[in-house]
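Trainee: Take this structure first; my questions come after.
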Amino acid sequence: MFEVESGIVIDAENGRIKTEEPFFMASRILYRAKAGDRIELNDKAFLLAVATYGTTVRDEYMYTYMYEEEQNWSCYQGDFTEEHFSREDYVFAEDCYFRICLKKQDGNWCIPTDAERVNEILSFHFVQSVEAERNNAVYFETEVQKTADTVTEKLKDGKSLVFALLSDSHYVTNGRWADTVRNIGEVHKKIGFDGIIHLGDLQDGMLDKKMCRRIASDCIADMRSICEPVYLAIGNHDTNYFRGNPAWLTEEEQYGIYGRYNDRYVKRDGVEAWYYVDYEHVGLRMLFLSSFNHREELRYGFPMEEVCWVERVLASTPDGYKVLVFSHDAPLARLDYWASEIRNGERLMQVLEAYNNRPGKTILGIIHGHTHADYVYRERSFPIISIGCSKCEYFPDKKPEGATRYMRKLNDVTQELWDVLVVMPEKKTLEFVRFGAGEDRTVKPKTKVWAHRGASGYAPENTLEAFQLAAEMGADGVELDVQLTKDGEIVVVHDERIDRVSDGSGEIRSLTLEELKQFNFNKTHPEYAQVCRIPTLREVLETLRDTGLTVNIELKTGIFFYEGIEEKVVALVHEMGYEKRVLYSSFNHKSVLKVRQYCPDAQVAFLYSHELANVADYALLNDVYAVNPSVLCTCYEQEMAECLRKNVDINVWTVDWEAEMRHLVKLGVNSLITNYPDRARAVVEE
């Protein structure tokens with residue numbers, strides 16, 4: 001079926017459309033023809049001319065930053081002229097793309113009612129059917145089998161979800177979208193996807209609304225023909241605003257194209273572009289965000305309404321669920337070549353990190369497109385992962401620093417680039433199995449490094465010097481111990497007596513703060529020539545205020561109960577604004593639960609050093625989402641696996657041997673509590 005528009009004609013010089021030409025009607029759409037196909041002219045009141053476009057792709061389309069203004073990668077063959085208008089049928093001599101143009105033999109204008117009759121005026125006779133043409137799309141059989149085999153092997157590791165994941169397809173005429181659809185379909189036949197995820201820029205966004213709607217809808221229909229659900233995160237080109245295109249889509253129009261069809265399996269507010277979906281059987285919530293609005297001064301970014309929505313959705317996420325976030329653009333300008341600032345990006349990260357840093361809560365990562373490159377950014381509390389572009393493209397510039405891009409070539413397996421995403425919530429693992437150009441990747445949330453009593457392998461333990469050094473060494477947090485002095489001050493010290501760590505003697509509870517401040521607490525590191533004073537908890541929190549470090553406060557109530565210590569510590573934490581940065585722990589589990597009396601939302605953990613049977617269930621029974629076992633207790637790996645499966649954080653102490661560090665990172669524990677934060681940081685970064 002043909003579609004034509006009255007008042008337009010084909011430019012004989014370049015094959016593009018010219019407007020305000022009332023004597024003609026022509027097709028904006030480029031159709032595909034095989035040698036021997038024929039257009040029959042049924043109404044001899046019209047004259048027909050055809051412009052053909054060859055299938056050769058110019059190198060600059062793939063190897064430079066270039067978007068062809070009609071989204072057309074075929075090559076005009078210069079065969080449209082006034083002299084070619086005829087009353088004869090048209091037979092194609094070769095495979096090509098084409099446009100049709102009609103004018104009236106009597107010289108009158110072509111009007112809209114003429115355009116509506118085009119399929120009476122013309123008929124098309126195919127050598128082969130459209131369905132047969134689709135089945136001729138290229139697929140790479142060896143790559144299909146290799147991908148399926150790799151995914152099948154990974155699925156042996158536990159409960160998983162499997163998605164086809166792609167981004168930045170940038171549909172163009174004579175591109176390779178049909179091949180991509182065929183390859184995704186062939187892999188789906190072998191392993192069965194739980195859905196397809198596309199992270200923006202289905203097309204280039206430079207055409208009128210009708211063409212935009214047609215292209216996007218056709219691409220979505222292609223994916224839905226493979227399997228459902230299909231999840232989309234809208235990209236900047238999807239808004240149909242590129243290079244100042246005046247035919248941009250309103251939010252309601254975007255919803256009509258990209259959102260309305262999947263409302264039966266996602267949860268969104270009204271027609272907003274952001275939404276989420278739950279997979280209850282594996283305990284996973286997936287959020288899909290919108291990240292572009294050309295009407296804002298900062299076009300790339302996230303509206304505050306969306307950030308507030310994310311905060312609400314996270315607050316309502318069921319206990320034990322992991323969270324995975326998808327977006328077209330990254331939340332940080334550091335990861336976007338095109339933006340010097342991301343609107344509300346840092347605020348979004350604060351919301352996500354505040355959630356991720358709470359015991360029992362996990363952000364598996366943010367996955368985004370837009371950069372046309374691969375990168376895993378690990379300088380925040382969860383990974384931010386970019387994926388390459390599905391469009392067959394290789395221009396090495398205009399990429400974020402550190403990003404990886406792969407050479408691409410048409411009619412070769414490298415023309416393809418998309419992933420099979422295997423989500424393993426229990427293992428907190430994301431497997432990216434690459435189809436085409438690139439490499440497979442395994443991504444887990446980074447194990448955190450907490451400095452045990454500060455960097456106590458190098459500085460006197462539990463002193464300001466040790467905590468400052470821990471921050472300098474790149475620790476994510478510090479662990480410290482608190483007790484009460486004779487005059488009720490909260491001091492940071494481990495032993496109930498000061499003999500081991502200072503040049504003084506006596507019990508903490510028998511000495512006033514003023515008396516304790518007279519001693520030098522450098523005994524564990526006498527090379528510190530300066531006097532190291534016992535710090536109060538207030539002094540430590542003031543010292544660490546601008547570092548952002550997590551503080552694990554161990555209440556030393558295992559020998560002396562220190563009446564009122566829980567209330568005092570909680571009050572000071574709130575006064576200092578550390579509510580979201582503190583984890584309370586103790587070997588005295590009643591003391592841990594007592595913290596909750598003064599702060600119901602407090603993050604707490606059970607400390608233990610001997611075997612504790614059914615530790616995950618014991619913690620959850622008490623509404624506790626973290627445990628701090630000794631490194632020896634982690635040899636009970638089944639107990640550790642149950643904690644990870646049930647979303648109970650594991651913070652292990654005291655981990656000083658690199659072999660132990662490597663083992664625990666591989667096991668997937670949340671934090672290593674170590675005297676040597678520099679060593680642990682090096683192991684984690686490996």
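In the structure tokens, each chain is lettered A, B, ... as it comes, each chain's residues begin at 1, and ligands are numbered from 1 in order of appearance.
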Considering only C-alpha atoms, return as a JSON list (two decimals) with N, CA and C atoms, in the first residue's frame whatever protein or nucleic-acid residues lie within 6 Å of stretch 280-293 of chain A, sequence-local ones (same chain, fewer than 5 positions apart) excluded.

Mentor:
[["chain", "number", "residue", "atom", "x", "y", "z"],
["A", 233, "ALA", "N", 12.74, 3.25, 27.55],
["A", 233, "ALA", "CA", 13.10, 4.50, 28.22],
["A", 233, "ALA", "C", 13.29, 5.52, 27.12],
["A", 234, "ILE", "N", 12.53, 6.61, 27.17],
["A", 234, "ILE", "CA", 12.52, 7.56, 26.06],
["A", 234, "ILE", "C", 13.84, 8.32, 25.99],
["A", 236, "ASN", "N", 16.43, 11.33, 23.83],
["A", 236, "ASN", "CA", 16.26, 12.70, 23.32],
["A", 236, "ASN", "C", 15.76, 12.71, 21.88],
["A", 273, "ALA", "N", 6.21, 9.74, 31.62],
["A", 273, "ALA", "CA", 7.09, 8.85, 30.87],
["A", 273, "ALA", "C", 7.82, 7.86, 31.77],
["A", 274, "TRP", "N", 7.82, 8.09, 33.08],
["A", 274, "TRP", "CA", 8.52, 7.20, 33.99],
["A", 274, "TRP", "C", 7.55, 6.19, 34.60],
["A", 275, "TYR", "N", 8.06, 5.00, 34.88],
["A", 275, "TYR", "CA", 7.20, 3.93, 35.39],
["A", 275, "TYR", "C", 8.07, 2.84, 36.01],
["A", 299, "ARG", "N", 18.74, 20.67, 28.97],
["A", 299, "ARG", "CA", 17.85, 19.74, 28.28],
["A", 299, "ARG", "C", 17.97, 18.32, 28.82],
["A", 300, "TYR", "N", 19.21, 17.89, 29.11],
["A", 300, "TYR", "CA", 19.41, 16.55, 29.64],
["A", 300, "TYR", "C", 19.22, 16.57, 31.15],
["A", 301, "GLY", "N", 18.42, 15.66, 31.66],
["A", 301, "GLY", "CA", 18.22, 15.62, 33.10],
["A", 301, "GLY", "C", 16.86, 15.06, 33.47],
["A", 302, "PHE", "N", 16.53, 15.22, 34.74],
["A", 302, "PHE", "CA", 15.37, 14.57, 35.33],
["A", 302, "PHE", "C", 14.50, 15.61, 36.04],
["A", 321, "TYR", "N", 13.46, -6.84, 48.19],
["A", 321, "TYR", "CA", 13.57, -6.61, 46.74],
["A", 321, "TYR", "C", 14.90, -5.92, 46.41],
["A", 322, "LYS", "N", 15.47, -6.28, 45.25],
["A", 322, "LYS", "CA", 16.56, -5.52, 44.66],
["A", 322, "LYS", "C", 15.95, -4.54, 43.64],
["A", 323, "VAL", "N", 16.67, -3.48, 43.37],
["A", 323, "VAL", "CA", 16.17, -2.44, 42.45],
["A", 323, "VAL", "C", 17.17, -2.27, 41.32],
["A", 324, "LEU", "N", 16.64, -2.17, 40.10],
["A", 324, "LEU", "CA", 17.45, -1.93, 38.91],
["A", 324, "LEU", "C", 16.83, -0.76, 38.16],
["A", 325, "VAL", "N", 17.67, 0.21, 37.78],
["A", 325, "VAL", "CA", 17.17, 1.45, 37.18],
["A", 325, "VAL", "C", 17.65, 1.54, 35.73],
["A", 326, "PHE", "N", 16.77, 1.97, 34.85],
["A", 326, "PHE", "CA", 17.09, 2.15, 33.43],
["A", 326, "PHE", "C", 16.80, 3.59, 33.03],
["A", 327, "SER", "N", 17.64, 4.13, 32.16],
["A", 327, "SER", "CA", 17.44, 5.48, 31.64],
["A", 327, "SER", "C", 18.14, 5.58, 30.30],
["A", 329, "ASP", "N", 19.76, 8.51, 29.38],
["A", 329, "ASP", "CA", 20.98, 9.24, 29.71],
["A", 329, "ASP", "C", 21.46, 8.87, 31.10]]

Trainee: Applying 9 Å and only C-alpha atoms, which residues near stretch 605-621 of chain A remain after dropping the ones on its own chain fewer than 5 positions away? List them as a PyMOL selection string.

Mentor: chain A and resi 359+554+583-589+592+626-633+636+639-640+642-644+646-649+651

Trainee: Compile the contact shell of A:Pro396 as an MDAnalysis selection string: residues with an atom at most 12 Å away, counting only C-alpha atoms, same-chain residues fewer than 2 positions apart removed.

Mentor: chainID A and resid 62:65 371:373 393:394 398:408

Trainee: At a cut-off of 10 Å, using only C-alpha atoms, what residues contact A:Gln468? Leave out same-chain residues fewer than 4 positions from it and give the result as a list of chain:residue names.

Mentor: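 Returned residues: A:Gly454, A:Ala455, A:Ala459, A:Thr463, A:Leu464, A:Glu472, A:Met473, A:Val478, A:Val540, A:Thr543, A:Leu544, A:Thr547.
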
Trainee: So, with only C-alpha atoms as the atoms that count, which of A:His125, A:Lys146, A:Arg295, A:Lys18 lies closest to A:Phe435?

Mentor: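 Selected residue with least distance to A:Phe435: A:Lys146.
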
Trainee: Mind checking which residues fall within 12 Å of A:Glu416, counting only C-alpha atoms, ignoring those fewer than 3 positions away in the same chain, and posting them as a PyMOL selection string?

Mentor: chain A and resi 138-140+143-144+166-167+169+175-184+388-394+406-413+419+434-438

Trainee: Include C-alpha atoms and write out the residues we just selected as a PDB file, in the first residue's frame.

Mentor:
ATOM      1  CA  VAL A 138      20.372 -11.454   7.812  1.00  0.00           C
ATOM      2  CA  TYR A 139      21.027 -13.440  10.929  1.00  0.00           C
ATOM      3  CA  PHE A 140      24.367 -14.675  12.161  1.00  0.00           C
ATOM      4  CA  GLU A 143      26.737 -15.836  16.952  1.00  0.00           C
ATOM      5  CA  VAL A 144      23.151 -16.785  17.747  1.00  0.00           C
ATOM      6  CA  LEU A 166      19.568  -2.558  23.269  1.00  0.00           C
ATOM      7  CA  SER A 167      19.810   1.181  22.853  1.00  0.00           C
ATOM      8  CA  SER A 169      18.962   1.932  17.251  1.00  0.00           C
ATOM      9  CA  GLY A 175      19.990   0.549   8.016  1.00  0.00           C
ATOM     10  CA  ARG A 176      20.179  -2.875   9.638  1.00  0.00           C
ATOM     11  CA  TRP A 177      17.155  -2.811  11.939  1.00  0.00           C
ATOM     12  CA  ALA A 178      15.538  -5.790  10.201  1.00  0.00           C
ATOM     13  CA  ASP A 179      18.707  -7.820  10.799  1.00  0.00           C
ATOM     14  CA  THR A 180      18.735  -6.852  14.468  1.00  0.00           C
ATOM     15  CA  VAL A 181      15.103  -7.892  14.872  1.00  0.00           C
ATOM     16  CA  ARG A 182      15.816 -11.212  13.154  1.00  0.00           C
ATOM     17  CA  ASN A 183      18.839 -11.927  15.377  1.00  0.00           C
ATOM     18  CA  ILE A 184      16.976 -11.061  18.577  1.00  0.00           C
ATOM     19  CA  GLY A 388      26.889   0.670  23.086  1.00  0.00           C
ATOM     20  CA  CYS A 389      24.572   1.665  20.258  1.00  0.00           C
ATOM     21  CA  SER A 390      22.642  -0.876  18.251  1.00  0.00           C
ATOM     22  CA  LYS A 391      23.032   1.316  15.158  1.00  0.00           C
ATOM     23  CA  CYS A 392      26.003   0.191  13.031  1.00  0.00           C
ATOM     24  CA  GLU A 393      28.335   3.056  13.820  1.00  0.00           C
ATOM     25  CA  TYR A 394      31.943   3.697  14.749  1.00  0.00           C
ATOM     26  CA  TYR A 406      34.163  -1.287  19.072  1.00  0.00           C
ATOM     27  CA  MET A 407      34.879  -1.317  15.345  1.00  0.00           C
ATOM     28  CA  ARG A 408      31.759  -1.993  13.288  1.00  0.00           C
ATOM     29  CA  LYS A 409      31.330  -3.227   9.734  1.00  0.00           C
ATOM     30  CA  LEU A 410      28.247  -3.866   7.605  1.00  0.00           C
ATOM     31  CA  ASN A 411      27.469  -7.407   6.493  1.00  0.00           C
ATOM     32  CA  ASP A 412      29.674  -8.712   9.274  1.00  0.00           C
ATOM     33  CA  VAL A 413      28.686  -9.875  12.756  1.00  0.00           C
ATOM     34  CA  ASP A 419      23.159  -7.576  24.935  1.00  0.00           C
ATOM     35  CA  ARG A 434      27.145  -9.360  24.022  1.00  0.00           C
ATOM     36  CA  PHE A 435      25.768 -10.192  20.609  1.00  0.00           C
ATOM     37  CA  GLY A 436      28.049  -8.809  17.892  1.00  0.00           C
ATOM     38  CA  ALA A 437      30.734  -6.187  18.449  1.00  0.00           C
ATOM     39  CA  GLY A 438      32.122  -6.087  21.982  1.00  0.00           C
TER      40      GLY A 438
END

Trainee: Closest to A:Lys486 among A:Tyr276, A:Tyr562, A:Trp338, A:Phe382, using only C-alpha atoms?

Mentor: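 Among the listed residues, the smallest separation from A:Lys486 belongs to A:Tyr562.
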
Trainee: Calculated over only C-alpha atoms, which of the candidates A:Glu88, A:Glu252, A:Asp218, A:Asp204 has the smallest distance to A:His237?

Mentor: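 Using only C-alpha atoms, A:His237 sits closest to A:Asp204.
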
Trainee: Any idea what the distance is between atom CA of A:Val482 and atom CA of A:Leu537?

Mentor: 7.3 Å

Trainee: As an MDAnalysis selection string, please: every residue in stretch 312-554 of chain A that DSSP puts in helix (DSSP H, G or I).

Mentor: chainID A and resid 312:315 333:335 345:356 413:415 464:472 508:510 513:516 537:544

Trainee: Would you mind exporting C-alpha atoms of the selected residues as a compact mmCIF listing (two decimals), in the first residue's frame?

Mentor:
# COMPACT_ATOMS: atom_id res chain seq x y z
CA ARG A 312 8.27 7.44 46.76
CA VAL A 313 8.64 4.26 44.71
CA LEU A 314 11.79 3.29 46.62
CA ALA A 315 10.06 3.94 49.93
CA ALA A 333 27.65 14.83 33.42
CA ARG A 334 30.96 13.02 33.85
CA LEU A 335 29.38 10.20 31.85
CA GLY A 345 21.17 14.37 38.25
CA GLU A 346 23.01 14.73 41.54
CA ARG A 347 19.73 14.98 43.42
CA LEU A 348 18.59 11.72 41.80
CA MET A 349 21.87 10.10 42.84
CA GLN A 350 21.39 11.29 46.42
CA VAL A 351 17.96 9.65 46.53
CA LEU A 352 19.27 6.40 45.06
CA GLU A 353 22.40 6.29 47.21
CA ALA A 354 20.49 7.07 50.39
CA TYR A 355 18.34 4.04 49.64
CA ASN A 356 21.28 1.85 48.60
CA VAL A 413 28.69 -9.88 12.76
CA THR A 414 30.09 -6.59 14.11
CA GLN A 415 27.25 -4.69 12.45
CA LEU A 464 41.18 11.18 64.73
CA GLU A 465 44.48 10.47 63.00
CA ALA A 466 43.32 6.96 62.05
CA PHE A 467 39.96 8.18 60.77
CA GLN A 468 41.50 10.98 58.70
CA LEU A 469 43.95 8.52 57.17
CA ALA A 470 41.10 6.13 56.32
CA ALA A 471 39.38 8.89 54.35
CA GLU A 472 42.62 9.69 52.52
CA ILE A 508 36.73 4.00 80.87
CA ARG A 509 33.70 4.08 83.15
CA SER A 510 35.88 5.07 86.14
CA LEU A 513 36.67 12.84 79.93
CA GLU A 514 39.08 15.42 81.30
CA GLU A 515 41.14 12.66 82.94
CA LEU A 516 41.15 10.55 79.77
CA LEU A 537 32.08 10.65 69.17
CA ARG A 538 31.15 14.27 68.47
CA GLU A 539 34.75 15.04 67.47
CA VAL A 540 34.88 12.06 65.11
CA LEU A 541 31.60 12.97 63.44
CA GLU A 542 32.78 16.58 63.03
CA THR A 543 36.05 15.33 61.49
CA LEU A 544 34.24 13.08 58.98
